[in-house]
$ cat target-v4.csv   # CSV, C-alpha atoms and all ligand atoms
chain,number,residue,atom,x,y,z
A,1,MET,CA,-13.9,-90.8,-38.1
A,2,ASN,CA,-10.2,-90.7,-38.8
A,3,ALA,CA,-9.1,-87.3,-40.1
A,4,ILE,CA,-6.4,-87.8,-42.7
A,5,VAL,CA,-3.6,-85.3,-42.4
A,6,LYS,CA,-2.3,-84.8,-45.9
A,7,ARG,CA,1.3,-84.2,-46.7
A,8,ARG,CA,2.2,-80.8,-48.1
A,9,VAL,CA,4.5,-80.8,-51.0
A,10,HIS,CA,6.1,-77.8,-52.7
A,11,VAL,CA,7.1,-78.5,-56.2
A,12,ALA,CA,9.1,-76.2,-58.5
A,13,ALA,CA,8.6,-76.9,-62.3
A,14,ALA,CA,9.6,-75.1,-65.5
A,15,ALA,CA,7.9,-74.3,-68.8
A,16,ILE,CA,11.0,-74.1,-70.9
A,17,ILE,CA,10.3,-72.1,-74.1
A,18,SER,CA,12.2,-72.6,-77.4
A,19,ALA,CA,14.2,-69.7,-78.9
A,20,ASP,CA,11.5,-69.1,-81.5
A,21,LYS,CA,8.9,-69.0,-78.6
A,22,LYS,CA,6.7,-71.6,-80.5
A,23,GLN,CA,7.5,-74.7,-78.5
A,24,VAL,CA,7.6,-75.9,-74.9
A,25,LEU,CA,9.6,-78.8,-73.4
A,26,ILE,CA,7.6,-81.5,-71.6
A,27,ALA,CA,8.7,-84.8,-70.1
A,28,ARG,CA,6.9,-88.0,-69.4
A,29,ARG,CA,6.8,-89.3,-65.8
A,30,PRO,CA,8.1,-92.9,-65.6
A,31,SER,CA,5.3,-95.4,-65.1
A,32,SER,CA,6.6,-96.4,-61.7
A,33,PHE,CA,6.2,-92.8,-60.3
A,34,ASP,CA,3.3,-91.1,-58.8
A,35,GLN,CA,1.2,-89.8,-61.7
A,36,GLY,CA,3.2,-92.2,-63.9
A,37,GLY,CA,2.8,-92.2,-67.7
A,38,LEU,CA,1.4,-88.6,-67.7
A,39,TRP,CA,3.3,-85.7,-69.1
A,40,GLU,CA,4.7,-83.0,-66.9
A,41,PHE,CA,6.7,-79.8,-66.7
A,42,PRO,CA,10.2,-80.9,-65.6
A,43,GLY,CA,10.9,-80.2,-61.9
A,44,GLY,CA,10.4,-81.7,-58.5
A,45,LYS,CA,10.1,-81.3,-54.8
A,46,LEU,CA,12.0,-78.6,-53.0
A,47,ALA,CA,14.4,-79.5,-50.2
A,48,PRO,CA,13.3,-77.7,-47.0
A,49,TYR,CA,16.1,-75.2,-47.2
A,50,GLU,CA,15.6,-74.3,-50.9
A,51,THR,CA,13.8,-71.3,-52.5
A,52,GLY,CA,11.6,-72.1,-55.5
A,53,LEU,CA,14.3,-70.9,-57.9
A,54,GLU,CA,17.1,-72.8,-56.2
A,55,GLY,CA,15.1,-76.0,-56.3
A,56,LEU,CA,14.2,-75.4,-59.9
A,57,LYS,CA,17.8,-75.0,-60.9
A,58,ARG,CA,18.8,-78.2,-59.1
A,59,GLU,CA,15.9,-80.2,-60.5
A,60,LEU,CA,16.6,-79.1,-64.1
A,61,HIS,CA,20.2,-80.0,-63.8
A,62,GLU,CA,19.3,-83.4,-62.3
A,63,GLU,CA,16.5,-84.3,-64.7
A,64,LEU,CA,17.5,-82.6,-68.0
A,65,GLY,CA,21.2,-81.8,-67.7
A,66,VAL,CA,20.6,-78.1,-68.4
A,67,GLU,CA,21.8,-75.1,-66.4
A,68,ILE,CA,19.6,-72.1,-66.0
A,69,SER,CA,20.7,-68.7,-64.8
A,70,CYS,CA,17.3,-67.0,-64.6
A,71,ALA,CA,13.6,-67.7,-64.7
A,72,GLN,CA,10.4,-65.7,-64.5
A,73,PRO,CA,7.5,-66.7,-62.2
A,74,LEU,CA,4.6,-68.0,-64.3
A,75,ILE,CA,1.9,-69.3,-62.0
A,76,ARG,CA,1.4,-70.9,-58.6
A,77,VAL,CA,-1.2,-73.6,-58.4
A,78,HIS,CA,-2.5,-75.1,-55.1
A,79,HIS,CA,-4.0,-78.5,-55.7
A,80,GLU,CA,-5.4,-81.2,-53.5
A,81,TYR,CA,-4.7,-84.8,-54.5
A,82,PRO,CA,-6.2,-87.7,-52.6
A,83,ASP,CA,-3.0,-88.3,-50.6
A,84,LYS,CA,-1.4,-84.8,-50.6
A,85,ARG,CA,-1.7,-81.1,-51.0
A,86,ILE,CA,0.7,-79.7,-53.5
A,87,LEU,CA,1.9,-76.3,-54.5
A,88,LEU,CA,3.1,-76.2,-58.0
A,89,ASP,CA,5.4,-73.3,-58.3
A,90,VAL,CA,5.9,-72.8,-62.1
A,91,TRP,CA,8.5,-70.7,-63.8
A,92,GLN,CA,9.1,-69.7,-67.4
A,93,VAL,CA,12.6,-70.3,-68.7
A,94,HIS,CA,13.8,-68.7,-71.9
A,95,GLU,CA,17.6,-69.1,-71.5
A,96,PHE,CA,19.5,-72.2,-70.5
A,97,ALA,CA,22.9,-73.8,-71.3
A,98,GLY,CA,23.1,-77.4,-72.5
A,99,GLU,CA,20.9,-79.7,-74.7
A,100,PRO,CA,18.1,-81.1,-72.6
A,101,PHE,CA,17.7,-84.9,-72.4
A,102,GLY,CA,16.0,-87.3,-70.1
A,103,ARG,CA,18.8,-88.0,-67.6
A,104,GLU,CA,16.6,-90.3,-65.6
A,105,GLY,CA,15.5,-92.2,-68.7
A,106,GLN,CA,12.2,-90.3,-69.1
A,107,ALA,CA,10.9,-89.3,-72.5
A,108,VAL,CA,11.5,-85.6,-73.2
A,109,ARG,CA,9.8,-83.7,-76.1
A,110,TRP,CA,9.5,-80.2,-77.6
A,111,VAL,CA,5.9,-79.6,-78.5
A,112,PRO,CA,4.2,-76.8,-80.3
A,113,MET,CA,2.1,-74.6,-77.9
A,114,GLU,CA,-1.1,-75.3,-79.8
A,115,ASP,CA,-0.6,-79.1,-79.3
A,116,LEU,CA,-0.1,-79.0,-75.6
A,117,ALA,CA,-3.7,-79.6,-74.8
A,118,SER,CA,-3.6,-83.0,-76.5
A,119,TYR,CA,-1.1,-84.5,-74.1
A,120,PRO,CA,-2.4,-86.1,-70.8
A,121,PHE,CA,-1.1,-84.1,-67.8
A,122,PRO,CA,-1.9,-84.5,-64.1
A,123,ALA,CA,-5.1,-82.9,-62.9
A,124,ALA,CA,-3.3,-80.0,-61.3
A,125,ASN,CA,-1.8,-78.9,-64.6
A,126,LEU,CA,-4.8,-77.4,-66.3
A,127,PRO,CA,-4.1,-73.8,-65.1
A,128,ILE,CA,-0.5,-74.2,-66.0
A,129,LEU,CA,-1.3,-75.1,-69.6
A,130,ARG,CA,-3.5,-72.0,-69.8
A,131,ALA,CA,-0.8,-69.8,-68.5
A,132,VAL,CA,1.8,-71.2,-70.9
A,133,MET,CA,-0.5,-70.6,-73.9
A,134,LEU,CA,-1.5,-67.0,-72.9
A,135,PRO,CA,0.6,-63.9,-73.5
A,136,THR,CA,1.4,-61.4,-70.7
A,137,GLU,CA,-0.6,-58.5,-72.3
A,138,TYR,CA,-4.4,-58.4,-72.7
A,139,LEU,CA,-5.8,-55.6,-74.8
A,140,ILE,CA,-9.3,-54.4,-74.1
A,141,THR,CA,-10.6,-52.3,-77.0
A,142,ALA,CA,-11.9,-48.8,-76.3
A,143,GLU,CA,-15.3,-47.6,-77.3
A,144,GLU,CA,-14.8,-46.4,-80.8
A,145,ASP,CA,-17.7,-45.2,-83.0
A,146,ASP,CA,-15.6,-44.6,-86.1
A,147,GLU,CA,-14.9,-47.9,-87.9
A,148,ASP,CA,-11.8,-46.7,-89.7
A,149,VAL,CA,-10.2,-45.4,-86.4
A,150,PHE,CA,-11.1,-48.7,-84.8
A,151,ILE,CA,-9.3,-50.7,-87.5
A,152,GLU,CA,-6.3,-48.4,-87.5
A,153,ARG,CA,-5.8,-48.7,-83.8
A,154,LEU,CA,-6.3,-52.4,-83.6
A,155,THR,CA,-3.9,-52.9,-86.4
A,156,ARG,CA,-1.4,-50.8,-84.7
A,157,ALA,CA,-1.7,-52.7,-81.4
A,158,LEU,CA,-1.3,-56.1,-83.2
A,159,ASP,CA,1.5,-55.0,-85.4
A,160,LYS,CA,3.6,-52.5,-83.5
A,161,ASP,CA,2.9,-53.6,-79.9
A,162,GLY,CA,2.7,-57.3,-80.7
A,163,VAL,CA,-0.5,-57.8,-78.8
A,164,ARG,CA,-1.8,-61.4,-79.0
A,165,LEU,CA,-4.9,-61.4,-76.8
A,166,VAL,CA,-7.8,-59.0,-77.5
A,167,GLN,CA,-11.1,-58.4,-75.8
A,168,LEU,CA,-13.7,-56.6,-78.0
A,169,ARG,CA,-15.7,-54.2,-75.9
A,170,GLY,CA,-18.5,-52.3,-77.6
A,171,LYS,CA,-21.1,-51.3,-75.1
A,172,THR,CA,-22.2,-48.3,-77.2
A,173,LEU,CA,-22.8,-50.4,-80.3
A,174,SER,CA,-26.1,-52.0,-81.3
A,175,GLY,CA,-26.2,-55.8,-81.4
A,176,GLU,CA,-25.9,-55.8,-85.2
A,177,GLU,CA,-23.0,-53.2,-85.1
A,178,TYR,CA,-21.2,-55.3,-82.5
A,179,VAL,CA,-21.4,-58.5,-84.6
A,180,ALA,CA,-20.1,-56.6,-87.7
A,181,ARG,CA,-17.3,-55.1,-85.6
A,182,ALA,CA,-16.5,-58.5,-84.2
A,183,ARG,CA,-16.1,-60.0,-87.7
A,184,GLN,CA,-13.7,-57.3,-88.7
A,185,ALA,CA,-11.7,-57.7,-85.5
A,186,LEU,CA,-11.6,-61.4,-85.9
A,187,ALA,CA,-10.2,-61.2,-89.4
A,188,LEU,CA,-7.5,-58.9,-88.2
A,189,CYS,CA,-6.6,-61.0,-85.2
A,190,ARG,CA,-6.4,-64.1,-87.4
A,191,GLU,CA,-3.9,-62.3,-89.6
A,192,TYR,CA,-1.6,-61.7,-86.7
A,193,GLY,CA,-2.2,-65.0,-84.9
A,194,ALA,CA,-3.9,-63.2,-82.0
A,195,ARG,CA,-6.9,-64.5,-80.0
A,196,LEU,CA,-10.1,-62.6,-79.8
A,197,LEU,CA,-12.6,-62.8,-76.9
A,198,LEU,CA,-16.0,-61.2,-77.3
A,199,ASN,CA,-17.3,-59.2,-74.4
A,200,GLY,CA,-20.9,-60.3,-74.3
A,201,GLU,CA,-23.3,-63.3,-74.3
A,202,PRO,CA,-21.8,-66.7,-75.0
A,203,ALA,CA,-24.4,-67.2,-77.7
A,204,LEU,CA,-22.5,-64.6,-79.8
A,205,LEU,CA,-20.1,-67.4,-80.7
A,206,GLU,CA,-22.8,-68.9,-82.9
A,207,GLN,CA,-22.6,-65.7,-85.0
A,208,VAL,CA,-18.9,-65.0,-84.9
A,209,ASP,CA,-16.5,-67.9,-84.5
A,210,ALA,CA,-14.1,-66.0,-82.2
A,211,ASP,CA,-11.8,-67.7,-79.7
A,212,GLY,CA,-14.0,-67.2,-76.7
A,213,ILE,CA,-16.1,-65.0,-74.5
A,214,HIS,CA,-15.2,-62.5,-71.7
A,215,LEU,CA,-18.0,-62.2,-69.1
A,216,THR,CA,-18.7,-59.1,-67.1
A,217,SER,CA,-18.6,-59.8,-63.3
A,218,GLU,CA,-22.3,-59.3,-63.2
A,219,ARG,CA,-23.0,-61.9,-65.8
A,220,LEU,CA,-20.4,-64.2,-64.2
A,221,MET,CA,-22.3,-64.2,-60.9
A,222,GLN,CA,-25.6,-65.2,-62.6
A,223,LEU,CA,-24.2,-68.4,-64.2
A,224,ASP,CA,-24.0,-71.8,-62.6
A,225,GLN,CA,-22.1,-73.7,-65.2
A,226,ARG,CA,-19.4,-73.0,-67.8
A,227,PRO,CA,-21.3,-71.4,-70.7
A,228,VAL,CA,-18.8,-72.2,-73.5
A,229,PRO,CA,-17.3,-75.6,-74.6
A,230,MET,CA,-13.7,-76.4,-73.5
A,231,GLY,CA,-12.1,-75.6,-76.9
A,232,LYS,CA,-13.1,-72.0,-76.5
A,233,TRP,CA,-11.6,-69.5,-74.0
A,234,LEU,CA,-13.6,-68.2,-71.1
A,235,GLY,CA,-12.6,-65.0,-69.4
A,236,ALA,CA,-14.3,-63.0,-66.7
A,237,SER,CA,-13.9,-59.7,-65.0
A,238,THR,CA,-13.5,-59.9,-61.2
A,239,HIS,CA,-13.0,-57.5,-58.3
A,240,ASN,CA,-13.1,-59.7,-55.1
A,241,ALA,CA,-12.7,-63.1,-53.7
A,242,GLU,CA,-16.4,-64.1,-54.2
A,243,GLN,CA,-16.1,-63.4,-57.9
A,244,LEU,CA,-12.8,-65.2,-58.2
A,245,ASP,CA,-14.4,-68.3,-56.5
A,246,LYS,CA,-17.2,-68.1,-59.0
A,247,ALA,CA,-14.8,-67.9,-61.9
A,248,ALA,CA,-13.0,-71.0,-60.5
A,249,ALA,CA,-16.3,-72.8,-60.1
A,250,LEU,CA,-17.2,-72.1,-63.7
A,251,ASP,CA,-13.8,-73.3,-64.8
A,252,CYS,CA,-12.8,-70.0,-66.4
A,253,ASP,CA,-9.6,-70.0,-68.3
A,254,LEU,CA,-8.5,-66.5,-67.2
A,255,VAL,CA,-9.7,-63.5,-65.3
A,256,THR,CA,-9.0,-59.8,-65.0
A,257,LEU,CA,-8.8,-58.5,-61.4
A,258,SER,CA,-9.3,-54.8,-60.8
A,259,PRO,CA,-8.9,-52.0,-59.9
A,260,LEU,CA,-5.2,-51.7,-59.1
A,261,ALA,CA,-4.6,-48.0,-59.8
A,262,PRO,CA,-6.8,-45.0,-60.7
A,263,THR,CA,-8.1,-44.7,-64.2
A,264,PRO,CA,-9.9,-41.9,-65.9
A,265,SER,CA,-12.8,-44.3,-66.7
A,266,HIS,CA,-13.3,-45.1,-62.9
A,267,PRO,CA,-11.9,-42.1,-61.0
A,268,ASP,CA,-13.7,-42.9,-57.7
A,269,ALA,CA,-13.2,-46.7,-57.5
A,270,ILE,CA,-11.8,-48.1,-54.3
A,271,LEU,CA,-8.4,-49.5,-55.2
A,272,MET,CA,-7.2,-52.9,-54.4
A,273,GLY,CA,-3.4,-52.4,-53.9
A,274,TRP,CA,-0.7,-54.9,-54.7
A,275,HIS,CA,-0.8,-56.6,-51.4
A,276,ASP,CA,-4.4,-57.7,-51.6
A,277,PHE,CA,-4.0,-58.4,-55.3
A,278,GLN,CA,-1.2,-60.8,-54.5
A,279,GLN,CA,-3.3,-62.6,-51.9
A,280,HIS,CA,-6.1,-63.1,-54.4
A,281,VAL,CA,-3.8,-64.2,-57.2
A,282,GLU,CA,-2.2,-66.8,-55.0
A,283,HIS,CA,-5.5,-68.7,-54.6
A,284,ALA,CA,-7.1,-67.9,-57.9
A,285,GLY,CA,-5.9,-71.1,-59.6
A,286,MET,CA,-6.0,-69.6,-63.0
A,287,PRO,CA,-4.1,-66.9,-65.0
A,288,VAL,CA,-5.0,-63.4,-63.6
A,289,PHE,CA,-4.4,-60.2,-65.5
A,290,ALA,CA,-4.0,-57.0,-63.4
A,291,LEU,CA,-6.4,-54.3,-64.6
A,292,GLY,CA,-7.0,-50.7,-63.8
A,293,GLY,CA,-4.4,-48.0,-64.5
A,294,MET,CA,-2.0,-50.6,-65.8
A,295,THR,CA,0.6,-50.0,-68.5
A,296,ARG,CA,3.2,-52.3,-70.0
A,297,PHE,CA,5.6,-50.8,-67.5
A,298,HIS,CA,3.6,-52.5,-64.7
A,299,ALA,CA,4.0,-56.0,-66.3
A,300,ASN,CA,7.0,-57.0,-64.4
A,301,ARG,CA,5.5,-55.8,-61.1
A,302,ALA,CA,2.4,-57.8,-61.9
A,303,ARG,CA,4.3,-60.9,-62.7
A,304,ALA,CA,6.4,-60.6,-59.6
A,305,VAL,CA,3.2,-60.9,-57.5
A,306,GLY,CA,2.0,-63.9,-59.4
A,307,ALA,CA,-0.1,-62.4,-62.2
A,308,GLN,CA,-0.1,-63.5,-65.8
A,309,GLY,CA,0.5,-59.9,-66.8
A,310,ILE,CA,-1.6,-56.8,-67.4
A,311,ALA,CA,-4.8,-55.9,-69.1
A,312,SER,CA,-5.3,-52.4,-70.4
A,313,ILE,CA,-7.4,-50.2,-72.7
A,314,ARG,CA,-5.5,-47.0,-72.6
A,315,ASP,CA,-2.0,-48.3,-73.0
A,316,PHE,CA,-2.6,-50.1,-76.3
A,317,TRP,CA,-5.2,-47.8,-77.8
A,318,ARG,CA,-3.4,-44.7,-79.2
B,401,LIG,N1,7.5,-81.9,-61.8
B,401,LIG,C1,6.2,-81.9,-61.9
B,401,LIG,N2,5.4,-82.5,-60.9
B,401,LIG,C2,4.1,-82.4,-61.1
B,401,LIG,C3,3.5,-81.7,-62.2
B,401,LIG,N3,2.1,-81.8,-62.1
B,401,LIG,C4,1.9,-82.5,-60.9
B,401,LIG,O1,0.8,-82.8,-60.5
B,401,LIG,N4,3.1,-82.9,-60.3
B,401,LIG,C5,3.2,-83.6,-59.1
B,401,LIG,C6,3.6,-85.0,-59.3
B,401,LIG,C7,4.4,-85.3,-58.0
B,401,LIG,O2,3.4,-85.7,-57.0
B,401,LIG,C8,5.0,-84.0,-57.6
B,401,LIG,C9,6.4,-83.8,-58.1
B,401,LIG,O3,7.2,-84.7,-57.6
B,401,LIG,P1,8.4,-85.4,-58.3
B,401,LIG,O4,8.2,-86.9,-58.3
B,401,LIG,O5,8.7,-84.8,-59.7
B,401,LIG,O6,9.6,-85.0,-57.4
B,401,LIG,P2,11.1,-85.2,-57.6
B,401,LIG,O7,11.5,-84.8,-59.0
B,401,LIG,O8,11.7,-84.4,-56.5
B,401,LIG,O9,11.3,-86.7,-57.5
B,401,LIG,P3,11.7,-87.7,-56.3
B,401,LIG,O10,13.1,-87.5,-56.1
B,401,LIG,O11,10.8,-87.3,-55.2
B,401,LIG,O12,11.3,-89.0,-56.9
B,401,LIG,O13,4.1,-83.0,-58.2
B,401,LIG,C10,4.3,-81.1,-63.2
B,401,LIG,O14,3.9,-80.6,-64.2
B,401,LIG,N5,5.6,-81.3,-63.0
B,402,MG,MG,10.6,-84.6,-60.9

$ encode --input "target-v4.csv" --output "structure tokens"
Amino acid sequence: MNAIVKRRVHVAAAAIISADKKQVLIARRPSSFDQGGLWEFPGGKLAPYETGLEGLKRELHEELGVEISCAQPLIRVHHEYPDKRILLDVWQVHEFAGEPFGREGQAVRWVPMEDLASYPFPAANLPILRAVMLPTEYLITAEEDDEDVFIERLTRALDKDGVRLVQLRGKTLSGEEYVARARQALALCREYGARLLLNGEPALLEQVDADGIHLTSERLMQLDQRPVPMGKWLGASTHNAEQLDKAAALDCDLVTLSPLAPTPSHPDAILMGWHDFQQHVEHAGMPVFALGGMTRFHANRARAVGAQGIASIRDFWR
């Protein structure tokens, strides 16, 4: 049998975000191109001597006529197409000079974040869409018996800290108490335009129409197919490569990966360290939040090694 040696292609692409942070710029690949007719994040192949950021700057100038001075790493996706292996090295761009237009005759469009999923993109782009739509901070609520304190702290995090992604933990609550708490949390999250994931069984979504479910690593490993429909978000807690592979197999939308640093809740845990974390993130193929002793001050560090951002209980729950 002939072994096919696939080409390796390194592509730099940009999610260019509008000043009001509500829209993202996409372009349509001309029909004569590879993946033609599909929408994409503007960018292209690196020259052998270029870094990702250098290639990105050149491509955005060539394709859109805009000049960027800086960009933040968003996500790296390895994907195997029938004829090649590509690494999509995606950056987030907030500042640029010039008015973008299709310099190569391609259609270019600003689209609201929430409409992104309705455009046809190449197969490799699913994790990128997820990363573009998710924030950099993921709040996990603390165990809180007192309802008033819970409401006050969640409101504070949504209002003062601008948190837009929340996981409701409530291991010490009864089933009924958890559902009641989830309804309250959902109402608050809706008010602030934040997404709420329930830490528990997927069937909970039948009782509370939250945005999705966050699975424990134990529950994750017991499942053999994605337990929620595509319109809902599926998160999972992971600690190693085996769990990350499982999360990918279940087509999870996001994961937390821990523990990075010591926390009072898990004082004796064996820590992962940034080096191993980076290796795991590189091949995760989905947005990864660093967890365990993380504060917002670690967010840039986490992003620099490829993470979506940080997840934390303590840092947002005061
Ligand atoms: N730019 C971009 N390319 C993508 C995305 N998703 C995806 O699968 N790809 C694939 C399609 C292509 O095989 C490859 C990008 O190559 P390209 O055709 O844009 O390269 P280029 O701009 O350097 O163009 P060319 O000079 O080689 O024609 O990556 C995406 O969102 N943006
Ligand atoms: Mg291109």

$ residues_near_ligand --input "target-v4.csv" --ligand "ligand LIG 401 (chain B)" --cutoff "8 Å" --atoms "only C-alpha atoms and all ligand atoms" --output "list in words"
Val9, His10, Val11, Ala12, Ala13, Ala14, Arg29, Phe33, Asp34, Gln35, Trp39, Glu40, Phe41, Pro42, Gly43, Gly44, Lys45, Leu46, Glu59, Glu63, Ile86, Leu87, Leu88, Phe121, Pro122, Ala123, Ala124, Asn125 and Ile128 of chain A

$ atom_distance --input "target-v4.csv" --atom1 "atom CA of A:Val132" --atom2 "atom CA of A:Tyr81"
22.3 Å

$ residues_around --input "target-v4.csv" --residues "A:Asp209" --least-positions-apart "5" --cutoff "12 Å" --atoms "only C-alpha atoms" --output "mmCIF file with C-alpha atoms, keeping the file's coordinate frame"
data_model
loop_
_atom_site.group_PDB
_atom_site.id
_atom_site.type_symbol
_atom_site.label_atom_id
_atom_site.label_comp_id
_atom_site.auth_asym_id
_atom_site.auth_seq_id
_atom_site.Cartn_x
_atom_site.Cartn_y
_atom_site.Cartn_z
ATOM 1 C CA VAL A 179 -21.400 -58.500 -84.600
ATOM 2 C CA ALA A 182 -16.500 -58.500 -84.200
ATOM 3 C CA ARG A 183 -16.100 -60.000 -87.700
ATOM 4 C CA GLN A 184 -13.700 -57.300 -88.700
ATOM 5 C CA ALA A 185 -11.700 -57.700 -85.500
ATOM 6 C CA LEU A 186 -11.600 -61.400 -85.900
ATOM 7 C CA ALA A 187 -10.200 -61.200 -89.400
ATOM 8 C CA ARG A 190 -6.400 -64.100 -87.400
ATOM 9 C CA ARG A 195 -6.900 -64.500 -80.000
ATOM 10 C CA LEU A 196 -10.100 -62.600 -79.800
ATOM 11 C CA LEU A 197 -12.600 -62.800 -76.900
ATOM 12 C CA LEU A 198 -16.000 -61.200 -77.300
ATOM 13 C CA PRO A 202 -21.800 -66.700 -75.000
ATOM 14 C CA ALA A 203 -24.400 -67.200 -77.700
ATOM 15 C CA LEU A 204 -22.500 -64.600 -79.800
ATOM 16 C CA GLY A 231 -12.100 -75.600 -76.900
ATOM 17 C CA LYS A 232 -13.100 -72.000 -76.500
ATOM 18 C CA TRP A 233 -11.600 -69.500 -74.000
#

$ residues_around --input "target-v4.csv" --residues "A:Arg76" --least-positions-apart "2" --cutoff "10 Å" --atoms "all atoms listed in the file" --output "ChimeraX atom specification"
/A:11-12,73-74,78-79,87-91,127-128,281-287,306-307

$ residues_around --input "target-v4.csv" --residues "A:Gly102" --least-positions-apart "5" --cutoff "9 Å" --atoms "only C-alpha atoms" --output "list in words"
Ala27, Glu63, Leu64, Gly65, Ala107 and Val108 of chain A

$ residues_near_point --input "target-v4.csv" --point "(-22.3, -53.3, -82.8)" --cutoff "12 Å" --atoms "all atoms listed in the file" --output "NGL selection string"
:A and (143-147 or 168-185 or 198-200 or 204)

$ residues_around --input "target-v4.csv" --residues "stretch 217-227 of chain A" --least-positions-apart "2" --cutoff "8 Å" --atoms "only C-alpha atoms" --output "count of residues only"
14

$ atom_distance --input "target-v4.csv" --atom1 "atom CA of A:Glu62" --atom2 "atom CA of A:Ala47"
13.6 Å

$ axis_aligned_box --input "target-v4.csv" --around "stretch 45-51 of chain A" --padding-each-side "6 Å" --output "JSON"
{"center_x": 13.1, "center_y": -76.3, "center_z": -50.9, "size_x": 18.0, "size_y": 22.0, "size_z": 19.8}

$ closest_residue --input "target-v4.csv" --among "A:Arg103, A:Arg318, A:Arg85, A:Arg58" --to "A:Lys6" --atoms "all atoms listed in the file"
A:Arg85

$ residues_near_point --input "target-v4.csv" --point "(-2.4, -52.8, -66.3)" --cutoff "8 Å" --atoms "all atoms listed in the file" --output "PDB file with C-alpha atoms, in the frame of the given file"
ATOM      1  CA  LEU A 260      -5.200 -51.700 -59.100  1.00  0.00           C
ATOM      2  CA  PHE A 289      -4.400 -60.200 -65.500  1.00  0.00           C
ATOM      3  CA  ALA A 290      -4.000 -57.000 -63.400  1.00  0.00           C
ATOM      4  CA  LEU A 291      -6.400 -54.300 -64.600  1.00  0.00           C
ATOM      5  CA  GLY A 292      -7.000 -50.700 -63.800  1.00  0.00           C
ATOM      6  CA  GLY A 293      -4.400 -48.000 -64.500  1.00  0.00           C
ATOM      7  CA  MET A 294      -2.000 -50.600 -65.800  1.00  0.00           C
ATOM      8  CA  THR A 295       0.600 -50.000 -68.500  1.00  0.00           C
ATOM      9  CA  ARG A 296       3.200 -52.300 -70.000  1.00  0.00           C
ATOM     10  CA  HIS A 298       3.600 -52.500 -64.700  1.00  0.00           C
ATOM     11  CA  ALA A 299       4.000 -56.000 -66.300  1.00  0.00           C
ATOM     12  CA  GLY A 309       0.500 -59.900 -66.800  1.00  0.00           C
ATOM     13  CA  ILE A 310      -1.600 -56.800 -67.400  1.00  0.00           C
ATOM     14  CA  ALA A 311      -4.800 -55.900 -69.100  1.00  0.00           C
ATOM     15  CA  SER A 312      -5.300 -52.400 -70.400  1.00  0.00           C
TER      16      SER A 312
END

$ residues_around --input "target-v4.csv" --residues "A:Ala269" --least-positions-apart "3" --cutoff "8 Å" --atoms "all atoms listed in the file" --output "PyMOL selection string"
chain A and resi 259+262+266

$ atom_distance --input "target-v4.csv" --atom1 "atom CA of A:Ala302" --atom2 "atom CA of A:Val255"
13.8 Å

$ closest_residue --input "target-v4.csv" --among "A:Thr136, A:Thr216, A:Gln167, A:Ser31" --to "A:Gln72" --atoms "only C-alpha atoms"
A:Thr136

$ closest_residue --input "target-v4.csv" --among "A:Leu53, A:Leu25, A:Ala248, A:Leu60" --to "ligand MG 402 (chain B)" --atoms "only C-alpha atoms and all ligand atoms"
A:Leu60

$ closest_residue --input "target-v4.csv" --among "A:Thr51, A:Ile68, A:Gln106, A:Asp148" --to "ligand MG 402 (chain B)" --atoms "only C-alpha atoms and all ligand atoms"
A:Gln106
